[in-house]
Amino acid sequence: MAETELPVVGFHPYLWGDPAHHSGLPPAIHAALSGLGVTAPSRPAVPPDAVPLPPVALSEQARAALATEVGAEHVDSGHDARLAHTRGWSTPDLLRLRAGDAADAPDAVVFPGSHDEVVAVLRVCAEHRIAVVPYSGGTSVVGGLAPARAGFAGVVTLDLRRLDALVEVDPVSRTAVLQAGLRGPQAERLLREQGFTLGHFPQSYEGASIGGYAAARSAGQSSAGYGRFDEMVVGLVLATPRGTVELGTAPKSAAGPDLRQLVLGSEGVLGVITSVRVRVRPVPGERVFEGWRFPSFEAGAAALRRLAQDGPLPTVLRLSDELETAVNLADPAAALGSGPGGCLAITGYEGDPAEVAARRAAATEVLLAAGGTPLGAGPGESWRAGRFRAPYLRDPILAAGGLVETLETAAFWSGLHRLRAAVTEALTTELTGRGTPPVVLCHISHVYETGASLYFTVVCAQAADPLAQWAAAKTAANLAIRSCGAAITHHHGVGTDHRAAYAEEIGPLAVEALNAVKQVLDPAGILNPGVLLPPAGG
């Protein structure tokens, strides 16, 4: 199934994506988990309808005011809606739900139908001291949907799914205006009907939405060719409790700081992004994906750096380390096809057929000169077909008693190998010390002229307290990242998980400046309190 044809699905609270795509664990992964000492948990997951929720804290007056703005049918305090909007999709989020813990469920889910309704809802919530969690796809894996509740009269989730229109396409400028509630597959389908593509395919593609892409500075798997999402955005509309901010009257401007970049990545704490104007490109006439083998991660990284710095740059460019190549969680049946050992790189080319052929031929010369061995289209097509499959493995791994989680970071090329070694050692030491030796996999997921991102996957047996187990491992990884001077996150965002490390990364004066901006746009502090920035008084 092509990425533009993936279904838009409603999520089971514990299961990722389309239920039809859940088929259990392949035998190879069962065997690998057994080798790690994984055994079935002592208690099965609590069924969703049996998960208790706290009483609704909203006053009747506040609920009536919300209903006045969006219609009573668009304010839902029912069990299913509240549970489905509890937290996000990190492993700790899922572990808590599976254990029957939904103590921080929102009191209501509000579904506005327009930008003006979003502004009206925010004003009501400011008046009644109700915290607001902006929600489009709900795929945060860093605690971005778990606000601080202290000092508020309740919490509502503001679900933007009704804002799901392709508002405008400008074929001359090659831009499109997309509303924030559009899921990735919907956006691609609507754009494709007009002959264009966004070209943004993160691993969360089946569930993530346009608003989330913008609010968390998402990076898709084709970022080498299409860029990160924040590079695609040329304009946006922001709803705040005090009114509307519209940014982006031209592609570039010298009129002061670019406030678009202040809003992008702000994770809902400054306002609610309701629409974006983005750069689009014609639907490619040809797509080619292929695999390359390198004798070591260092050799493969050097080859990727040469392409990133001197060109030509493929549309997709990724490199798995030796262990990830051998394990290959996304496709256990895949193999290098050229003997044992080494690292697998994936290259992909999209565009006009003649341009693709020329770019591919030139990149092939570079990769051969860098010591790469071509593996043909098999590994590349296998990766392309399974590129959204990995999240479906997490649920059955958790059910089997395994712990699996990911984290990512970025650094300049000169510090990349030190960073990989430090994070791998920190995770291995911390988890082994708790009696659960892990498998730590790593790949380069995004490249730039000056550096690249590293994406880690960790698998081990669940301890008696898996939440404490992962919290300790995550803390150790964060300390290792900061010790290397690397970014605490490349594309997952800050949320609550990275808040302290982010404050350390940018320094107290910068944190104070961001808090000052929040005070202007959100003086009551209702927007995602405690996410990205410390909560008021915290």
# chains A, B, ... in the order shown; residues from 1 in each chain; ligands from 1
>>> residues_around(residues="segment 396-399 of chain A", least_positions_apart="3", cutoff="7 Å", atoms="only C-alpha atoms", output="list in words")
Gly24, Leu25, Leu393, Gly402 and Leu403 of chain A
>>> residues_around(residues="Val155 of chain A", least_positions_apart="4", cutoff="6 Å", atoms="only C-alpha atoms", output="MDAnalysis selection string")
chainID A and resid 106:107 130:132
>>> closest_atom_pairs(of="segment 224-255 of chain A", to="segment 445-462 of chain A", cutoff="10 Å", atoms="only C-alpha atoms", output="Markdown table")
| residue | atom | partner | partner_atom | distance |
| --- | --- | --- | --- | --- |
| A:Ala224 | CA | A:Val447 | CA | 6.4 |
| A:Gly227 | CA | A:His446 | CA | 9.4 |
| A:Arg228 | CA | A:His446 | CA | 9.2 |
>>> residues_around(residues="Trp16 of chain A", least_positions_apart="6", cutoff="8 Å", atoms="only C-alpha atoms", output="ChimeraX atom specification")
/A:391-392,395
>>> write_last_selection(atoms="N, CA, C and O atoms", output="CSV table (one decimal), in the first residue's frame")
chain,number,residue,atom,x,y,z
A,391,PRO,N,6.0,0.8,14.8
A,391,PRO,CA,5.2,1.1,15.9
A,391,PRO,C,4.2,0.0,16.2
A,391,PRO,O,3.7,-0.1,17.4
A,392,TYR,N,3.8,-0.8,15.2
A,392,TYR,CA,2.9,-1.9,15.5
A,392,TYR,C,3.5,-3.0,16.3
A,392,TYR,O,2.8,-3.9,16.9
A,395,ASP,N,3.2,-2.7,20.8
A,395,ASP,CA,2.1,-3.2,21.7
A,395,ASP,C,2.3,-4.7,22.0
A,395,ASP,O,2.2,-5.0,23.2
>>> residues_around(residues="Gly435 of chain A", least_positions_apart="4", cutoff="12 Å", atoms="only C-alpha atoms", output="count of residues only")
14
>>> select_by_dssp(residues="segment 254-391 of chain A", states="strand (DSSP E)", output="PyMOL selection string")
chain A and resi 272-279+281-282+286-294+316-320+343-351+373-376
>>> select_by_dssp(residues="segment 246-337 of chain A", states="alpha helix (DSSP H)", output="list of chain:residue names")
A:Leu259, A:Arg260, A:Gln261, A:Leu262, A:Val263, A:Phe297, A:Glu298, A:Ala299, A:Gly300, A:Ala301, A:Ala302, A:Ala303, A:Leu304, A:Arg305, A:Arg306, A:Leu307, A:Ala308, A:Gln309, A:Asp310, A:Glu322, A:Leu323, A:Glu324, A:Thr325, A:Ala326, A:Val327
>>> write_last_selection(atoms="C-alpha atoms", output="short mmCIF file (atom, residue, chain, number, x, y, z; two decimals), in the first residue's frame")
data_model
loop_
_atom_site.label_atom_id
_atom_site.label_comp_id
_atom_site.auth_asym_id
_atom_site.auth_seq_id
_atom_site.Cartn_x
_atom_site.Cartn_y
_atom_site.Cartn_z
CA LEU A 259 8.08 34.97 14.63
CA ARG A 260 6.98 31.89 12.69
CA GLN A 261 10.01 30.14 14.13
CA LEU A 262 8.98 31.18 17.63
CA VAL A 263 5.61 29.48 17.21
CA PHE A 297 29.09 2.55 11.13
CA GLU A 298 32.00 4.98 10.93
CA ALA A 299 32.53 4.24 7.22
CA GLY A 300 28.83 4.58 6.48
CA ALA A 301 28.57 7.85 8.41
CA ALA A 302 31.52 9.25 6.47
CA ALA A 303 29.75 8.40 3.21
CA LEU A 304 26.52 10.07 4.36
CA ARG A 305 28.48 13.15 5.40
CA ARG A 306 30.07 13.42 1.95
CA LEU A 307 26.63 13.37 0.30
CA ALA A 308 25.16 15.83 2.81
CA GLN A 309 28.03 18.29 2.43
CA ASP A 310 29.01 17.99 -1.21
CA GLU A 322 25.82 -2.98 13.05
CA LEU A 323 23.39 -4.23 15.68
CA GLU A 324 20.32 -2.57 14.22
CA THR A 325 21.27 -3.95 10.82
CA ALA A 326 21.44 -7.46 12.26
CA VAL A 327 18.22 -7.19 14.29
#
>>> closest_residue(among="A:Ala471, A:Gly151, A:Phe196, A:Gly351", to="Leu427 of chain A", atoms="only C-alpha atoms")
A:Ala471
>>> atom_distance(atom1="atom CA of Asn328 of chain A", atom2="atom CA of Ser296 of chain A")
16.0 Å
>>> closest_residue(among="A:Arg293, A:His79, A:Arg174, A:Arg189", to="Val234 of chain A", atoms="only C-alpha atoms")
A:Arg174
>>> residues_around(residues="Ser218 of chain A", least_positions_apart="4", cutoff="6 Å", atoms="only C-alpha atoms", output="list in words")
Tyr213, Phe229 and His491 of chain A
>>> write_last_selection(atoms="N, CA, C and O atoms", output="compact mmCIF listing (two decimals), in the first residue's frame")
# COMPACT_ATOMS: atom_id res chain seq x y z
N TYR A 213 2.70 18.30 13.54
CA TYR A 213 3.94 18.49 12.78
C TYR A 213 4.55 19.85 13.09
O TYR A 213 5.76 19.97 13.30
N PHE A 229 9.59 19.69 8.68
CA PHE A 229 8.32 20.39 8.51
C PHE A 229 8.45 21.88 8.78
O PHE A 229 7.82 22.69 8.10
N HIS A 491 13.48 15.74 16.91
CA HIS A 491 12.16 15.86 16.29
C HIS A 491 11.02 15.35 17.16
O HIS A 491 9.86 15.51 16.80
>>> residues_around(residues="Asp104 of chain A", least_positions_apart="2", cutoff="12 Å", atoms="only C-alpha atoms", output="ChimeraX atom specification")
/A:52-57,82-88,93,96-97,100-102,106-108,133,143,145-150,154-157
>>> residues_around(residues="His128 of chain A", least_positions_apart="2", cutoff="10 Å", atoms="only C-alpha atoms", output="list of chain:residue names")
A:Leu58, A:Ser59, A:Gln61, A:Ala62, A:Arg63, A:Ala65, A:Leu122, A:Arg123, A:Val124, A:Cys125, A:Ala126, A:Ile130, A:Ala131, A:Phe152, A:Ala153, A:Gly154, A:Ala524, A:Ile526
>>> write_last_selection(atoms="C-alpha atoms", output="compact mmCIF listing (two decimals), in the first residue's frame")
# COMPACT_ATOMS: atom_id res chain seq x y z
CA LEU A 58 -15.66 21.04 35.39
CA SER A 59 -18.40 23.17 36.85
CA GLN A 61 -21.25 26.87 34.40
CA ALA A 62 -17.97 26.19 32.61
CA ARG A 63 -19.39 23.28 30.66
CA ALA A 65 -20.05 28.17 28.43
CA LEU A 122 -9.58 29.57 24.90
CA ARG A 123 -11.24 32.72 26.24
CA VAL A 124 -13.81 30.66 28.13
CA CYS A 125 -11.10 28.49 29.61
CA ALA A 126 -9.04 31.50 30.66
CA ILE A 130 -9.34 25.61 32.91
CA ALA A 131 -6.10 24.17 31.54
CA PHE A 152 -6.72 24.87 37.67
CA ALA A 153 -10.43 24.22 37.92
CA GLY A 154 -10.17 21.41 35.37
CA ALA A 524 -3.72 33.08 32.63
CA ILE A 526 -3.89 27.85 30.70
>>> atom_distance(atom1="atom CA of Asp170 of chain A", atom2="atom CA of Tyr135 of chain A")
27.5 Å
>>> closest_atom_pairs(of="segment 105-223 of chain A", to="segment 407-426 of chain A", cutoff="12 Å", atoms="only C-alpha atoms", output="Markdown table")
| residue | atom | partner | partner_atom | distance |
| --- | --- | --- | --- | --- |
| A:Val141 | CA | A:Leu407 | CA | 9.1 |
| A:Val142 | CA | A:Leu407 | CA | 9.2 |
| A:Ala219 | CA | A:Glu408 | CA | 11.6 |
>>> atom_distance(atom1="atom CA of Leu238 of chain A", atom2="atom CA of Ser136 of chain A")
14.1 Å
>>> closest_atom_pairs(of="segment 380-497 of chain A", to="segment 501-520 of chain A", cutoff="9 Å", atoms="only C-alpha atoms", output="Markdown table")
| residue | atom | partner | partner_atom | distance |
| --- | --- | --- | --- | --- |
| A:Asn478 | CA | A:Ala501 | CA | 7.1 |
| A:Leu479 | CA | A:Ala501 | CA | 8.2 |
| A:Arg482 | CA | A:Ala501 | CA | 7.5 |
| A:Gly485 | CA | A:Glu505 | CA | 8.3 |
| A:Ala486 | CA | A:Glu505 | CA | 8.8 |
| A:Ala487 | CA | A:Glu505 | CA | 7.6 |
| A:Ile488 | CA | A:Tyr502 | CA | 6.5 |
| A:Thr489 | CA | A:Tyr502 | CA | 8.5 |
| A:Val494 | CA | A:Tyr502 | CA | 7.0 |
| A:Asp497 | CA | A:Ala501 | CA | 8.6 |
>>> closest_residue(among="A:Val356, A:Gln221, A:Ser173, A:Gly380", to="Arg281 of chain A", atoms="only C-alpha atoms")
A:Ser173
>>> closest_residue(among="A:Leu527, A:Ala255, A:Leu264, A:Cys442", to="Ala215 of chain A", atoms="only C-alpha atoms")
A:Leu264
